[in-house]
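Asker: Please find one structure pasted underneath; my questions will follow.
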Amino acid sequence: MTGPAAKGRMAKGLEATGLVIDVPGRPDGRALDLAIEPGQRWGVLGPNGAGKTTLLHTLAGLRPPRAGEVRLDGRGLSHWRRRALARRLGVVFQERHDDFPATVRETALIGRHPFLSPWRQEGPEDHARAVAALERLELSHLAERELATLSGGERQRVSLATVLTQAPDVWLADEPTNHLDLHHQVAAMALLAEQADRGHGVMMCLHDLNLAARWCSHLLLLYPDGEACWGEAEAMLTVEALESLYHQKLMCVEVDGAPVFVPTR
Ligand SMILES: Nc1ncnc2c1ncn2[C@@H]1O[C@H](COP(=O)(O)OP(=O)(O)OP(=O)(O)O)[C@@H](O)[C@H]1O
């Protein structure tokens, strides 16, 4: 059930080799050997506290691993300059309440900061990218609103719009559908799928098995004790594996060619 990173050819995308994430007080468990290749849509599934956010932050170079290495295009993250990395990796954070006072438009423009030199202001192209991203996330009408006045779902869409404005090669999205209504959940997943179709790598932490089943090409199952398994989504989506992951009985039916998992009592 494993899908080790492809070896023996030019590395592309984001690759974890022998990676053990540093969850305080937890045994190492199983080291991760996987690659988020261009065009792939990875989902990370696991119960609360399993380490999904820790993994995403480790893959983004925001926290050090306990062991192993993360490489982008074959080069270890520690050998990248922070700014160069920020141009290539985009992180949709789970929830942030540490915002500076800023409008929605100004926040989206933050996505361009890794591309600007300290003495250069955003130019017409940066503004055009932000405008297009806000439009894509159906936020144009809120462009001049203060971020602090937005609803949870609106803020989540601003986070996605900011990374879309950045246009990174690899998207690391922590619960990208958090707070979103059904229409916007589907729109967010369609956006991430579109990014993958354009040759970007995508990894997203999800709590919704059915979104994972419908939209992910690959899945990583993270267990609270540090154990893990990963591979193509179809192979990972078995009732047995998911029941043992969540300690929850499940029923599976097929709708429109995709499995749908329903919790039972
Ligand atoms: N600074 C810290 N000190 C102690 N424990 C920590 C620290 N940071 C994270 N943890 C613990 O590490 C574990 C993994 O946290 P993480 O946020 O990665 O889980 P998660 O799988 O994303 O959970 P959720 O589904 O609830 O978002 C949790 O048990 C958390 O309490």
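Convention: chains lettered A, B, ... in structure tokens order; per-chain residue numbering from 1; ligands numbered from 1 as shown.
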Give me, as a ChimeraX atom specification, the set of residues whose atoms come within 6 Å of any atom of ligand 1, counting only C-alpha atoms and all ligand atoms.
Answerer: /A:23-24,47-54
Asker: DSSP on the backbone, then: every residue of range 4-145 of chain A marked alpha helix (DSSP H), written as a PyMOL selection string.
Answerer: chain A and resi 52-59+82-88+104-109+124-136
Asker: Would you list the contacts of range 136-147 of chain A as a list of chain:residue names, taking every protein, DNA or RNA residue within 7 Å and counting only C-alpha atoms, but skipping same-chain residues closer than 2 positions in sequence?
Answerer: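 Result of the neighbour search: A:Pro101, A:Ala102, A:Thr103, A:Val104, A:Arg105, A:Ala132, A:Ala133, A:Leu134, A:Thr149, A:Leu150, A:Arg157, A:Ala161.
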Asker: Just C-alpha atoms for this one: save the residues we selected as a compact mmCIF listing (two decimals), in the first residue's frame.
Answerer:
# COMPACT_ATOMS: atom_id res chain seq x y z
CA PRO A 101 -5.42 45.66 9.63
CA ALA A 102 -5.74 45.22 5.88
CA THR A 103 -8.37 45.06 3.19
CA VAL A 104 -9.15 41.90 1.23
CA ARG A 105 -7.32 43.31 -1.81
CA ALA A 132 -8.17 37.89 -11.01
CA ALA A 133 -7.71 35.75 -7.89
CA LEU A 134 -10.41 37.65 -5.99
CA THR A 149 -15.05 42.17 9.21
CA LEU A 150 -15.33 38.99 7.09
CA ARG A 157 -11.60 32.22 0.45
CA ALA A 161 -7.07 33.92 -3.18
Asker: Determine, for each residue of range 148-235 of chain A having at least one atom at most 12 Å from an atom of range 72-80 of chain A, the closest pair of atoms and their separation in Å to one decimal, counting only C-alpha atoms; order by chain and ascending number, as a Markdown table.
Answerer:
| residue | atom | partner | partner_atom | distance |
| --- | --- | --- | --- | --- |
| A:Asp169 | CA | A:Leu72 | CA | 10.1 |
| A:Val170 | CA | A:Leu72 | CA | 9.4 |
| A:Gly201 | CA | A:Leu72 | CA | 11.1 |
Asker: Store the residues of this selection in a file with C-alpha atoms, as an mmCIF file, in the first residue's frame.
Answerer:
data_model
loop_
_atom_site.group_PDB
_atom_site.id
_atom_site.type_symbol
_atom_site.label_atom_id
_atom_site.label_comp_id
_atom_site.auth_asym_id
_atom_site.auth_seq_id
_atom_site.Cartn_x
_atom_site.Cartn_y
_atom_site.Cartn_z
ATOM 1 C CA ASP A 169 4.412 25.520 -7.993
ATOM 2 C CA VAL A 170 3.372 23.532 -4.938
ATOM 3 C CA GLY A 201 1.688 19.794 -7.080
#
Asker: Between A:Ala16, A:Leu219, A:Ile21, A:Ala130, which is the closest to Pro65 in chain A once you count only C-alpha atoms?
Answerer: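 Distance minimum relative to Pro65 in chain A lands on A:Ile21.
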Asker: When DSSP works through the backbone of this structure, what residues of range 70-127 of chain A end up as strand (DSSP E or B), shown as a list of chain:residue names?
Answerer: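 Assigned to strand (DSSP E or B), within range 70-127 of chain A: A:Val70, A:Arg71, A:Leu72, A:Arg75, A:Gly76, A:Leu89, A:Gly90, A:Val91, A:Val92, A:Thr103.
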Asker: Find the nearest atom pair between each residue of range 134-219 of chain A and range 114-123 of chain A for residues within 12 Å, count only C-alpha atoms, give distances in Å to one decimal, sort rows by chain and ascending number, and present the table as a tab-separated table.
Answerer:
residue	atom	partner	partner_atom	distance
A:Val163	CA	A:Pro114	CA	11.5
A:Thr165	CA	A:Phe115	CA	11.1
A:Gln166	CA	A:Pro114	CA	8.2
A:Ala167	CA	A:Phe115	CA	10.7
A:Pro168	CA	A:Pro114	CA	10.5
